[in-house]
>>> print(open('my_file28.cif').read())   # mmCIF, N, CA and C atoms
data_start
#
loop_
_atom_site.label_atom_id
_atom_site.label_comp_id
_atom_site.auth_asym_id
_atom_site.auth_seq_id
_atom_site.Cartn_x
_atom_site.Cartn_y
_atom_site.Cartn_z
N MET A 1 97.07 130.88 103.68
CA MET A 1 97.66 129.92 104.59
C MET A 1 97.13 128.50 104.32
N LYS A 2 95.81 128.38 104.12
CA LYS A 2 95.23 127.06 103.87
C LYS A 2 95.79 126.45 102.60
N LYS A 3 95.95 127.27 101.57
CA LYS A 3 96.47 126.77 100.31
C LYS A 3 97.90 126.26 100.48
N ALA A 4 98.71 127.01 101.20
CA ALA A 4 100.10 126.59 101.43
C ALA A 4 100.15 125.29 102.22
N LEU A 5 99.30 125.15 103.22
CA LEU A 5 99.26 123.92 104.01
C LEU A 5 98.81 122.74 103.15
N THR A 6 97.81 122.97 102.32
CA THR A 6 97.31 121.91 101.44
C THR A 6 98.41 121.47 100.46
N GLU A 7 99.16 122.43 99.94
CA GLU A 7 100.26 122.09 99.04
C GLU A 7 101.33 121.26 99.75
N LEU A 8 101.63 121.62 100.99
CA LEU A 8 102.59 120.84 101.77
C LEU A 8 102.09 119.42 102.00
N MET A 9 100.79 119.30 102.30
CA MET A 9 100.21 117.97 102.53
C MET A 9 100.28 117.12 101.27
N GLU A 10 100.07 117.74 100.12
CA GLU A 10 100.15 116.99 98.86
C GLU A 10 101.58 116.59 98.54
N LYS A 11 102.52 117.50 98.80
CA LYS A 11 103.92 117.23 98.48
C LYS A 11 104.55 116.24 99.46
N TYR A 12 104.18 116.37 100.74
CA TYR A 12 104.75 115.51 101.79
C TYR A 12 103.60 114.88 102.59
N PRO A 13 102.93 113.87 102.05
CA PRO A 13 101.75 113.32 102.72
C PRO A 13 102.02 112.69 104.09
N ASN A 14 103.25 112.34 104.38
CA ASN A 14 103.56 111.75 105.69
C ASN A 14 104.06 112.77 106.70
N PHE A 15 104.19 114.02 106.30
CA PHE A 15 104.61 115.09 107.20
C PHE A 15 103.35 115.61 107.90
N LEU A 16 103.28 115.43 109.20
CA LEU A 16 102.04 115.61 109.94
C LEU A 16 101.68 117.05 110.30
N LEU A 17 102.65 117.91 110.46
CA LEU A 17 102.39 119.26 110.95
C LEU A 17 101.35 120.03 110.13
N PRO A 18 101.39 120.00 108.79
CA PRO A 18 100.37 120.75 108.04
C PRO A 18 98.94 120.27 108.33
N TYR A 19 98.77 118.97 108.53
CA TYR A 19 97.45 118.44 108.85
C TYR A 19 96.96 119.02 110.19
N TYR A 20 97.85 119.03 111.16
CA TYR A 20 97.49 119.53 112.49
C TYR A 20 97.08 121.00 112.42
N ILE A 21 97.90 121.79 111.74
CA ILE A 21 97.65 123.22 111.68
C ILE A 21 96.34 123.50 110.92
N LEU A 22 96.17 122.85 109.77
CA LEU A 22 94.97 123.09 108.97
C LEU A 22 93.71 122.65 109.72
N SER A 23 93.77 121.51 110.39
CA SER A 23 92.58 121.07 111.14
C SER A 23 92.25 122.06 112.26
N GLU A 24 93.28 122.60 112.87
CA GLU A 24 93.05 123.58 113.93
C GLU A 24 92.46 124.89 113.37
N ILE A 25 92.93 125.30 112.21
CA ILE A 25 92.36 126.50 111.56
C ILE A 25 90.87 126.28 111.29
N TYR A 26 90.56 125.12 110.70
CA TYR A 26 89.16 124.82 110.42
C TYR A 26 88.33 124.80 111.71
N GLU A 27 88.87 124.16 112.72
CA GLU A 27 88.14 124.08 113.99
C GLU A 27 87.89 125.47 114.57
N ASN A 28 88.90 126.32 114.56
CA ASN A 28 88.74 127.68 115.08
C ASN A 28 87.72 128.49 114.29
N GLU A 29 87.57 128.17 113.02
CA GLU A 29 86.57 128.84 112.19
C GLU A 29 85.16 128.26 112.40
N GLY A 30 85.10 127.16 113.15
CA GLY A 30 83.81 126.48 113.33
C GLY A 30 83.48 125.54 112.19
N ASN A 31 84.44 125.31 111.31
CA ASN A 31 84.25 124.40 110.18
C ASN A 31 84.70 123.00 110.61
N TYR A 32 83.85 122.33 111.37
CA TYR A 32 84.20 121.02 111.90
C TYR A 32 84.29 119.96 110.80
N PHE A 33 83.50 120.14 109.74
CA PHE A 33 83.60 119.20 108.63
C PHE A 33 84.99 119.28 107.99
N GLY A 34 85.50 120.50 107.78
CA GLY A 34 86.85 120.67 107.22
C GLY A 34 87.91 120.08 108.13
N ALA A 35 87.76 120.31 109.44
CA ALA A 35 88.72 119.76 110.40
C ALA A 35 88.67 118.23 110.37
N ARG A 36 87.45 117.69 110.34
CA ARG A 36 87.29 116.23 110.32
C ARG A 36 87.91 115.65 109.04
N LYS A 37 87.61 116.25 107.91
CA LYS A 37 88.13 115.75 106.64
C LYS A 37 89.66 115.79 106.62
N THR A 38 90.24 116.88 107.11
CA THR A 38 91.70 117.01 107.15
C THR A 38 92.32 115.92 108.02
N LEU A 39 91.73 115.68 109.19
CA LEU A 39 92.26 114.66 110.09
C LEU A 39 92.08 113.26 109.52
N GLU A 40 90.99 113.02 108.82
CA GLU A 40 90.78 111.71 108.21
C GLU A 40 91.80 111.45 107.10
N ILE A 41 92.16 112.48 106.35
CA ILE A 41 93.21 112.33 105.33
C ILE A 41 94.55 112.05 106.01
N SER A 42 94.82 112.77 107.11
CA SER A 42 96.05 112.54 107.86
C SER A 42 96.13 111.10 108.32
N ILE A 43 95.03 110.59 108.85
CA ILE A 43 95.00 109.20 109.35
C ILE A 43 95.16 108.21 108.20
N LYS A 44 94.56 108.51 107.07
CA LYS A 44 94.69 107.62 105.90
C LYS A 44 96.17 107.53 105.49
N ASN A 45 96.85 108.66 105.48
CA ASN A 45 98.26 108.68 105.08
C ASN A 45 99.21 108.23 106.19
N ASN A 46 98.77 108.37 107.43
CA ASN A 46 99.61 108.07 108.59
C ASN A 46 98.80 107.30 109.63
N PRO A 47 98.45 106.06 109.34
CA PRO A 47 97.52 105.33 110.21
C PRO A 47 98.02 105.06 111.63
N TYR A 48 99.29 105.29 111.89
CA TYR A 48 99.81 105.06 113.24
C TYR A 48 99.97 106.35 114.03
N ASP A 49 99.40 107.45 113.52
CA ASP A 49 99.52 108.75 114.19
C ASP A 49 98.41 108.92 115.22
N GLU A 50 98.74 108.65 116.45
CA GLU A 50 97.76 108.70 117.54
C GLU A 50 97.22 110.11 117.76
N PHE A 51 98.04 111.12 117.54
CA PHE A 51 97.61 112.50 117.76
C PHE A 51 96.44 112.88 116.85
N SER A 52 96.49 112.47 115.58
CA SER A 52 95.38 112.77 114.66
C SER A 52 94.09 112.11 115.14
N TYR A 53 94.20 110.90 115.65
CA TYR A 53 93.01 110.23 116.18
C TYR A 53 92.45 111.00 117.38
N LYS A 54 93.33 111.45 118.25
CA LYS A 54 92.87 112.19 119.43
C LYS A 54 92.18 113.50 119.03
N ARG A 55 92.74 114.20 118.04
CA ARG A 55 92.11 115.44 117.56
C ARG A 55 90.76 115.13 116.91
N LEU A 56 90.70 114.03 116.16
CA LEU A 56 89.45 113.64 115.51
C LEU A 56 88.39 113.28 116.56
N TYR A 57 88.83 112.68 117.65
CA TYR A 57 87.90 112.35 118.74
C TYR A 57 87.28 113.64 119.30
N LEU A 58 88.10 114.67 119.48
CA LEU A 58 87.59 115.94 119.99
C LEU A 58 86.60 116.57 119.02
N ILE A 59 86.87 116.45 117.74
CA ILE A 59 85.93 116.97 116.73
C ILE A 59 84.63 116.18 116.80
N ALA A 60 84.73 114.86 116.93
CA ALA A 60 83.52 114.03 117.04
C ALA A 60 82.68 114.44 118.24
N GLU A 61 83.34 114.78 119.34
CA GLU A 61 82.60 115.26 120.51
C GLU A 61 81.87 116.56 120.21
N LYS A 62 82.54 117.46 119.52
CA LYS A 62 81.94 118.76 119.21
C LYS A 62 80.74 118.63 118.27
N ILE A 63 80.82 117.70 117.33
CA ILE A 63 79.71 117.54 116.39
C ILE A 63 78.72 116.47 116.86
N LYS A 64 78.99 115.94 118.05
CA LYS A 64 78.11 114.95 118.68
C LYS A 64 77.87 113.72 117.79
N ASP A 65 78.96 113.21 117.23
CA ASP A 65 78.91 112.01 116.39
C ASP A 65 79.41 110.83 117.22
N GLU A 66 78.49 110.14 117.85
CA GLU A 66 78.83 109.04 118.76
C GLU A 66 79.49 107.87 118.04
N GLU A 67 79.04 107.59 116.82
CA GLU A 67 79.63 106.48 116.06
C GLU A 67 81.09 106.76 115.73
N LEU A 68 81.37 107.98 115.31
CA LEU A 68 82.75 108.37 115.02
C LEU A 68 83.60 108.29 116.29
N LYS A 69 83.08 108.79 117.39
CA LYS A 69 83.81 108.73 118.66
C LYS A 69 84.17 107.28 119.00
N LYS A 70 83.21 106.40 118.82
CA LYS A 70 83.44 104.99 119.15
C LYS A 70 84.54 104.39 118.28
N ARG A 71 84.48 104.65 116.97
CA ARG A 71 85.49 104.12 116.05
C ARG A 71 86.88 104.68 116.37
N VAL A 72 86.94 105.97 116.65
CA VAL A 72 88.22 106.61 116.94
C VAL A 72 88.79 106.09 118.26
N GLU A 73 87.93 105.91 119.24
CA GLU A 73 88.38 105.39 120.53
C GLU A 73 88.95 103.98 120.38
N GLN A 74 88.32 103.17 119.55
CA GLN A 74 88.85 101.82 119.30
C GLN A 74 90.22 101.89 118.63
N ALA A 75 90.37 102.80 117.68
CA ALA A 75 91.66 102.96 116.99
C ALA A 75 92.74 103.42 117.96
N ILE A 76 92.40 104.36 118.83
CA ILE A 76 93.38 104.86 119.81
C ILE A 76 93.83 103.73 120.73
N ASN A 77 92.89 102.93 121.21
CA ASN A 77 93.25 101.81 122.08
C ASN A 77 94.12 100.80 121.36
N PHE A 78 93.81 100.54 120.09
CA PHE A 78 94.63 99.64 119.30
C PHE A 78 96.05 100.19 119.16
N LEU A 79 96.15 101.49 118.85
CA LEU A 79 97.47 102.10 118.66
C LEU A 79 98.30 102.09 119.93
N LYS A 80 97.64 102.27 121.06
CA LYS A 80 98.38 102.23 122.32
C LYS A 80 99.05 100.86 122.49
N GLY A 81 98.32 99.82 122.18
CA GLY A 81 98.88 98.48 122.27
C GLY A 81 100.00 98.26 121.27
N GLU A 82 99.80 98.76 120.03
CA GLU A 82 100.83 98.64 119.00
C GLU A 82 102.08 99.42 119.37
N ARG A 83 101.89 100.61 119.93
CA ARG A 83 103.04 101.45 120.30
C ARG A 83 103.88 100.76 121.36
N ILE A 84 103.24 100.17 122.32
CA ILE A 84 103.98 99.46 123.38
C ILE A 84 104.78 98.31 122.78
N LYS A 85 104.15 97.54 121.89
CA LYS A 85 104.85 96.43 121.25
C LYS A 85 106.03 96.94 120.43
N LYS A 86 105.78 98.01 119.66
CA LYS A 86 106.80 98.57 118.78
C LYS A 86 107.97 99.10 119.61
N GLU A 87 107.69 99.82 120.68
CA GLU A 87 108.75 100.38 121.51
C GLU A 87 109.59 99.28 122.14
N GLU A 88 108.93 98.20 122.55
CA GLU A 88 109.67 97.10 123.15
C GLU A 88 110.64 96.50 122.14
N LYS A 89 110.22 96.37 120.89
CA LYS A 89 111.06 95.73 119.89
C LYS A 89 112.11 96.67 119.32
N VAL A 90 111.72 97.89 118.99
CA VAL A 90 112.64 98.81 118.32
C VAL A 90 113.71 99.32 119.26
N GLU A 91 113.42 99.48 120.52
CA GLU A 91 114.42 100.00 121.45
C GLU A 91 115.60 99.06 121.60
N THR A 92 115.42 97.80 121.23
CA THR A 92 116.53 96.86 121.32
C THR A 92 117.47 96.97 120.13
N VAL A 93 117.09 97.75 119.10
CA VAL A 93 117.92 97.90 117.91
C VAL A 93 118.98 98.96 118.21
N PRO A 94 120.27 98.60 118.14
CA PRO A 94 121.32 99.56 118.50
C PRO A 94 121.48 100.69 117.48
N PHE A 95 121.18 100.41 116.20
CA PHE A 95 121.34 101.41 115.15
C PHE A 95 120.05 101.53 114.37
N ILE A 96 119.67 102.74 114.09
CA ILE A 96 118.48 102.99 113.29
C ILE A 96 118.96 103.41 111.91
N THR A 97 119.05 102.44 111.00
CA THR A 97 119.55 102.70 109.66
C THR A 97 118.65 102.02 108.63
N LYS A 98 118.79 102.44 107.40
CA LYS A 98 118.03 101.79 106.31
C LYS A 98 118.42 100.32 106.21
N SER A 99 119.67 100.01 106.45
CA SER A 99 120.13 98.62 106.37
C SER A 99 119.41 97.73 107.39
N ILE A 100 119.24 98.26 108.59
CA ILE A 100 118.51 97.51 109.63
C ILE A 100 117.07 97.30 109.19
N ALA A 101 116.45 98.37 108.67
CA ALA A 101 115.05 98.28 108.21
C ALA A 101 114.94 97.25 107.08
N GLU A 102 115.87 97.28 106.15
CA GLU A 102 115.85 96.34 105.03
C GLU A 102 116.03 94.90 105.53
N LEU A 103 116.87 94.72 106.52
CA LEU A 103 117.08 93.39 107.09
C LEU A 103 115.79 92.88 107.72
N TYR A 104 115.16 93.73 108.54
CA TYR A 104 113.87 93.34 109.13
C TYR A 104 112.87 92.96 108.04
N GLU A 105 112.78 93.80 107.04
CA GLU A 105 111.80 93.56 105.97
C GLU A 105 112.09 92.25 105.24
N SER A 106 113.35 92.02 104.92
CA SER A 106 113.72 90.81 104.17
C SER A 106 113.40 89.53 104.96
N GLN A 107 113.36 89.65 106.28
CA GLN A 107 113.06 88.49 107.12
C GLN A 107 111.58 88.42 107.51
N GLY A 108 110.77 89.35 106.96
CA GLY A 108 109.33 89.31 107.21
C GLY A 108 108.89 90.05 108.46
N TYR A 109 109.77 90.78 109.09
CA TYR A 109 109.42 91.56 110.28
C TYR A 109 109.01 92.97 109.83
N TYR A 110 107.81 93.05 109.25
CA TYR A 110 107.37 94.29 108.62
C TYR A 110 107.08 95.41 109.62
N LYS A 111 106.51 95.08 110.75
CA LYS A 111 106.23 96.12 111.75
C LYS A 111 107.52 96.73 112.29
N GLU A 112 108.51 95.89 112.51
CA GLU A 112 109.79 96.38 113.00
C GLU A 112 110.47 97.25 111.94
N ALA A 113 110.41 96.81 110.69
CA ALA A 113 110.99 97.59 109.59
C ALA A 113 110.28 98.94 109.48
N LEU A 114 108.96 98.92 109.60
CA LEU A 114 108.19 100.16 109.54
C LEU A 114 108.60 101.11 110.67
N ALA A 115 108.77 100.59 111.86
CA ALA A 115 109.16 101.43 112.99
C ALA A 115 110.52 102.09 112.75
N VAL A 116 111.45 101.35 112.18
CA VAL A 116 112.78 101.90 111.90
C VAL A 116 112.67 102.97 110.81
N TYR A 117 111.95 102.67 109.73
CA TYR A 117 111.79 103.66 108.66
C TYR A 117 111.10 104.93 109.18
N GLU A 118 110.12 104.78 110.05
CA GLU A 118 109.43 105.96 110.58
C GLU A 118 110.37 106.83 111.41
N ARG A 119 111.27 106.20 112.14
CA ARG A 119 112.25 106.98 112.92
C ARG A 119 113.23 107.69 111.99
N ILE A 120 113.61 107.03 110.91
CA ILE A 120 114.49 107.66 109.92
C ILE A 120 113.77 108.84 109.27
N TYR A 121 112.50 108.62 108.92
CA TYR A 121 111.71 109.67 108.25
C TYR A 121 111.50 110.88 109.16
N ALA A 122 111.36 110.65 110.45
CA ALA A 122 111.19 111.75 111.39
C ALA A 122 112.41 112.67 111.38
N ILE A 123 113.57 112.09 111.13
CA ILE A 123 114.81 112.86 111.07
C ILE A 123 114.94 113.56 109.71
N ASN A 124 114.52 112.87 108.66
CA ASN A 124 114.68 113.42 107.30
C ASN A 124 113.39 113.22 106.49
N PRO A 125 112.40 114.11 106.64
CA PRO A 125 111.12 113.94 105.93
C PRO A 125 111.21 114.18 104.43
N GLU A 126 112.36 114.55 103.92
CA GLU A 126 112.52 114.77 102.48
C GLU A 126 112.98 113.50 101.75
N ASP A 127 113.26 112.45 102.49
CA ASP A 127 113.76 111.22 101.89
C ASP A 127 112.61 110.46 101.24
N LYS A 128 112.50 110.57 99.93
CA LYS A 128 111.39 109.95 99.17
C LYS A 128 111.45 108.43 99.21
N GLU A 129 112.64 107.87 99.23
CA GLU A 129 112.78 106.42 99.29
C GLU A 129 112.19 105.89 100.59
N VAL A 130 112.50 106.53 101.69
CA VAL A 130 111.99 106.11 102.99
C VAL A 130 110.47 106.31 103.03
N GLU A 131 110.00 107.42 102.50
CA GLU A 131 108.56 107.68 102.45
C GLU A 131 107.84 106.57 101.68
N ARG A 132 108.40 106.17 100.55
CA ARG A 132 107.82 105.10 99.73
C ARG A 132 107.81 103.78 100.50
N LYS A 133 108.90 103.48 101.19
CA LYS A 133 108.98 102.23 101.95
C LYS A 133 107.95 102.22 103.09
N ILE A 134 107.74 103.36 103.72
CA ILE A 134 106.75 103.44 104.80
C ILE A 134 105.37 103.11 104.25
N GLU A 135 105.01 103.71 103.14
CA GLU A 135 103.70 103.45 102.53
C GLU A 135 103.57 101.99 102.12
N GLU A 136 104.62 101.45 101.54
CA GLU A 136 104.62 100.05 101.10
C GLU A 136 104.42 99.11 102.29
N LEU A 137 105.15 99.36 103.37
CA LEU A 137 105.05 98.50 104.55
C LEU A 137 103.70 98.65 105.23
N LYS A 138 103.15 99.83 105.28
CA LYS A 138 101.81 100.03 105.87
C LYS A 138 100.78 99.21 105.10
N ARG A 139 100.88 99.24 103.76
CA ARG A 139 99.95 98.45 102.94
C ARG A 139 100.14 96.96 103.22
N ARG A 140 101.39 96.53 103.28
CA ARG A 140 101.68 95.11 103.50
C ARG A 140 101.15 94.65 104.86
N ILE A 141 101.36 95.45 105.89
CA ILE A 141 100.87 95.11 107.24
C ILE A 141 99.35 95.07 107.24
N TYR A 142 98.74 96.06 106.61
CA TYR A 142 97.27 96.11 106.54
C TYR A 142 96.72 94.87 105.83
N GLU A 143 97.35 94.51 104.71
CA GLU A 143 96.90 93.35 103.95
C GLU A 143 97.05 92.06 104.75
N GLU A 144 98.14 91.94 105.50
CA GLU A 144 98.35 90.75 106.33
C GLU A 144 97.27 90.63 107.40
N LYS A 145 96.90 91.76 107.99
CA LYS A 145 95.88 91.74 109.06
C LYS A 145 94.52 91.37 108.50
N ASN A 146 94.26 91.68 107.24
CA ASN A 146 92.94 91.46 106.66
C ASN A 146 92.86 90.19 105.83
N GLU A 147 93.87 89.35 105.91
CA GLU A 147 93.83 88.08 105.18
C GLU A 147 93.07 87.04 105.95
#
>>> encode(input="my_file28.cif", output="structure tokens")
Amino acid sequence: MKKALTELMEKYPNFLLPYYILSEIYENEGNYFGARKTLEISIKNNPYDEFSYKRLYLIAEKIKDEELKKRVEQAINFLKGERIKKEEKVETVPFITKSIAELYESQGYYKEALAVYERIYAINPEDKEVERKIEELKRRIYEEKNE
């Protein structure tokens, strides 16, 4: 089972379910390091996934890692703020299409484009073009924040 989940994670790095299942398997086995590592990879590939942060927080509590808990709690609070902003902006978009995402991106609205692409990807996780655009936009947003 672990091997199959790992293969899915490698093939579809933005598909979250294998990360969740594998981290839970590790946790049930008492392998908190494996659970932590799996969730950290999930977060690296999907930095806006609040659920992975929440699971990682629970692992940090179990292993009594206060520094990790603090970092994860800060990330969760940041994501809550980002989610509210994203929902306010994306809900005003009447159509969720690649064309809308491309328009946002071409005008420099990278967060809005990312939100549209993520909604498209949730419907069709096999779309490699959308997966690539999500990764590209995440990098671009990250780089803008760190300039």
>>> residues_around(input="my_file28.cif", residues="range 117-125 of chain A", least_positions_apart="2", cutoff="7 Å", atoms="all atoms listed in the file", output="CSV table (one decimal) with N, CA and C atoms, in the frame of the given file")
chain,number,residue,atom,x,y,z
A,15,PHE,N,104.2,114.0,106.3
A,15,PHE,CA,104.6,115.1,107.2
A,15,PHE,C,103.4,115.6,107.9
A,96,ILE,N,119.7,102.7,114.1
A,96,ILE,CA,118.5,103.0,113.3
A,96,ILE,C,119.0,103.4,111.9
A,97,THR,N,119.0,102.4,111.0
A,97,THR,CA,119.6,102.7,109.7
A,97,THR,C,118.6,102.0,108.6
A,98,LYS,N,118.8,102.4,107.4
A,98,LYS,CA,118.0,101.8,106.3
A,98,LYS,C,118.4,100.3,106.2
A,101,ALA,N,116.4,98.4,108.7
A,101,ALA,CA,115.0,98.3,108.2
A,101,ALA,C,114.9,97.2,107.1
A,112,GLU,N,108.5,95.9,112.5
A,112,GLU,CA,109.8,96.4,113.0
A,112,GLU,C,110.5,97.2,111.9
A,113,ALA,N,110.4,96.8,110.7
A,113,ALA,CA,111.0,97.6,109.6
A,113,ALA,C,110.3,98.9,109.5
A,114,LEU,N,109.0,98.9,109.6
A,114,LEU,CA,108.2,100.2,109.5
A,114,LEU,C,108.6,101.1,110.7
A,115,ALA,N,108.8,100.6,111.9
A,115,ALA,CA,109.2,101.4,113.0
A,115,ALA,C,110.5,102.1,112.8
A,127,ASP,N,113.3,112.4,102.5
A,127,ASP,CA,113.8,111.2,101.9
A,127,ASP,C,112.6,110.5,101.2
A,128,LYS,N,112.5,110.6,99.9
A,128,LYS,CA,111.4,110.0,99.2
A,128,LYS,C,111.4,108.4,99.2
A,130,VAL,N,112.5,106.5,101.7
A,130,VAL,CA,112.0,106.1,103.0
A,130,VAL,C,110.5,106.3,103.0
A,131,GLU,N,110.0,107.4,102.5
A,131,GLU,CA,108.6,107.7,102.4
A,131,GLU,C,107.8,106.6,101.7
A,133,LYS,N,108.9,103.5,101.2
A,133,LYS,CA,109.0,102.2,102.0
A,133,LYS,C,108.0,102.2,103.1
A,134,ILE,N,107.7,103.4,103.7
A,134,ILE,CA,106.8,103.4,104.8
A,134,ILE,C,105.4,103.1,104.2
>>> residues_around(input="my_file28.cif", residues="Glu50 in chain A", least_positions_apart="2", cutoff="8 Å", atoms="all atoms listed in the file", output="number ranges by chain")
A: 46-48, 52-56, 75-76, 79-80
>>> resolve_selection(input="my_file28.cif", expression="the PyMOL selection byres ((chain A and resi 16-23) around 6)", output="list of chain:residue names")
A:Leu5, A:Met9, A:Pro13, A:Asn14, A:Phe15, A:Glu24, A:Ile25, A:Tyr26, A:Glu27, A:Asn28, A:Gly34, A:Ala35, A:Thr38, A:Leu39
>>> write_last_selection(input="my_file28.cif", atoms="N, CA and C atoms", output="mmCIF file, keeping the file's coordinate frame")
data_model
loop_
_atom_site.group_PDB
_atom_site.id
_atom_site.type_symbol
_atom_site.label_atom_id
_atom_site.label_comp_id
_atom_site.auth_asym_id
_atom_site.auth_seq_id
_atom_site.Cartn_x
_atom_site.Cartn_y
_atom_site.Cartn_z
ATOM 1 N N LEU A 5 99.300 125.150 103.220
ATOM 2 C CA LEU A 5 99.260 123.920 104.010
ATOM 3 C C LEU A 5 98.810 122.740 103.150
ATOM 4 N N MET A 9 100.790 119.300 102.300
ATOM 5 C CA MET A 9 100.210 117.970 102.530
ATOM 6 C C MET A 9 100.280 117.120 101.270
ATOM 7 N N PRO A 13 102.930 113.870 102.050
ATOM 8 C CA PRO A 13 101.750 113.320 102.720
ATOM 9 C C PRO A 13 102.020 112.690 104.090
ATOM 10 N N ASN A 14 103.250 112.340 104.380
ATOM 11 C CA ASN A 14 103.560 111.750 105.690
ATOM 12 C C ASN A 14 104.060 112.770 106.700
ATOM 13 N N PHE A 15 104.190 114.020 106.300
ATOM 14 C CA PHE A 15 104.610 115.090 107.200
ATOM 15 C C PHE A 15 103.350 115.610 107.900
ATOM 16 N N GLU A 24 93.280 122.600 112.870
ATOM 17 C CA GLU A 24 93.050 123.580 113.930
ATOM 18 C C GLU A 24 92.460 124.890 113.370
ATOM 19 N N ILE A 25 92.930 125.300 112.210
ATOM 20 C CA ILE A 25 92.360 126.500 111.560
ATOM 21 C C ILE A 25 90.870 126.280 111.290
ATOM 22 N N TYR A 26 90.560 125.120 110.700
ATOM 23 C CA TYR A 26 89.160 124.820 110.420
ATOM 24 C C TYR A 26 88.330 124.800 111.710
ATOM 25 N N GLU A 27 88.870 124.160 112.720
ATOM 26 C CA GLU A 27 88.140 124.080 113.990
ATOM 27 C C GLU A 27 87.890 125.470 114.570
ATOM 28 N N ASN A 28 88.900 126.320 114.560
ATOM 29 C CA ASN A 28 88.740 127.680 115.080
ATOM 30 C C ASN A 28 87.720 128.490 114.290
ATOM 31 N N GLY A 34 85.500 120.500 107.780
ATOM 32 C CA GLY A 34 86.850 120.670 107.220
ATOM 33 C C GLY A 34 87.910 120.080 108.130
ATOM 34 N N ALA A 35 87.760 120.310 109.440
ATOM 35 C CA ALA A 35 88.720 119.760 110.400
ATOM 36 C C ALA A 35 88.670 118.230 110.370
ATOM 37 N N THR A 38 90.240 116.880 107.110
ATOM 38 C CA THR A 38 91.700 117.010 107.150
ATOM 39 C C THR A 38 92.320 115.920 108.020
ATOM 40 N N LEU A 39 91.730 115.680 109.190
ATOM 41 C CA LEU A 39 92.260 114.660 110.090
ATOM 42 C C LEU A 39 92.080 113.260 109.520
#
>>> residues_around(input="my_file28.cif", residues="Tyr110 in chain A", least_positions_apart="3", cutoff="8 Å", atoms="only N, CA and C atoms", output="list in words")
Tyr104, Glu105, Ser106, Gln107, Ala113, Leu114, Ala115, Val116, Leu137, Lys138, Arg140 and Ile141 of chain A
>>> residues_around(input="my_file28.cif", residues="Leu68 in chain A", least_positions_apart="6", cutoff="8 Å", atoms="all atoms listed in the file", output="list of chain:residue names")
A:Leu56, A:Tyr57, A:Ile59, A:Ala60, A:Glu61, A:Gln74
>>> atom_distance(input="my_file28.cif", atom1="CA of Asp49 in chain A", atom2="CA of Arg71 in chain A")
14.9 Å
>>> atom_distance(input="my_file28.cif", atom1="CA of Lys64 in chain A", atom2="CA of Asn45 in chain A")
25.1 Å
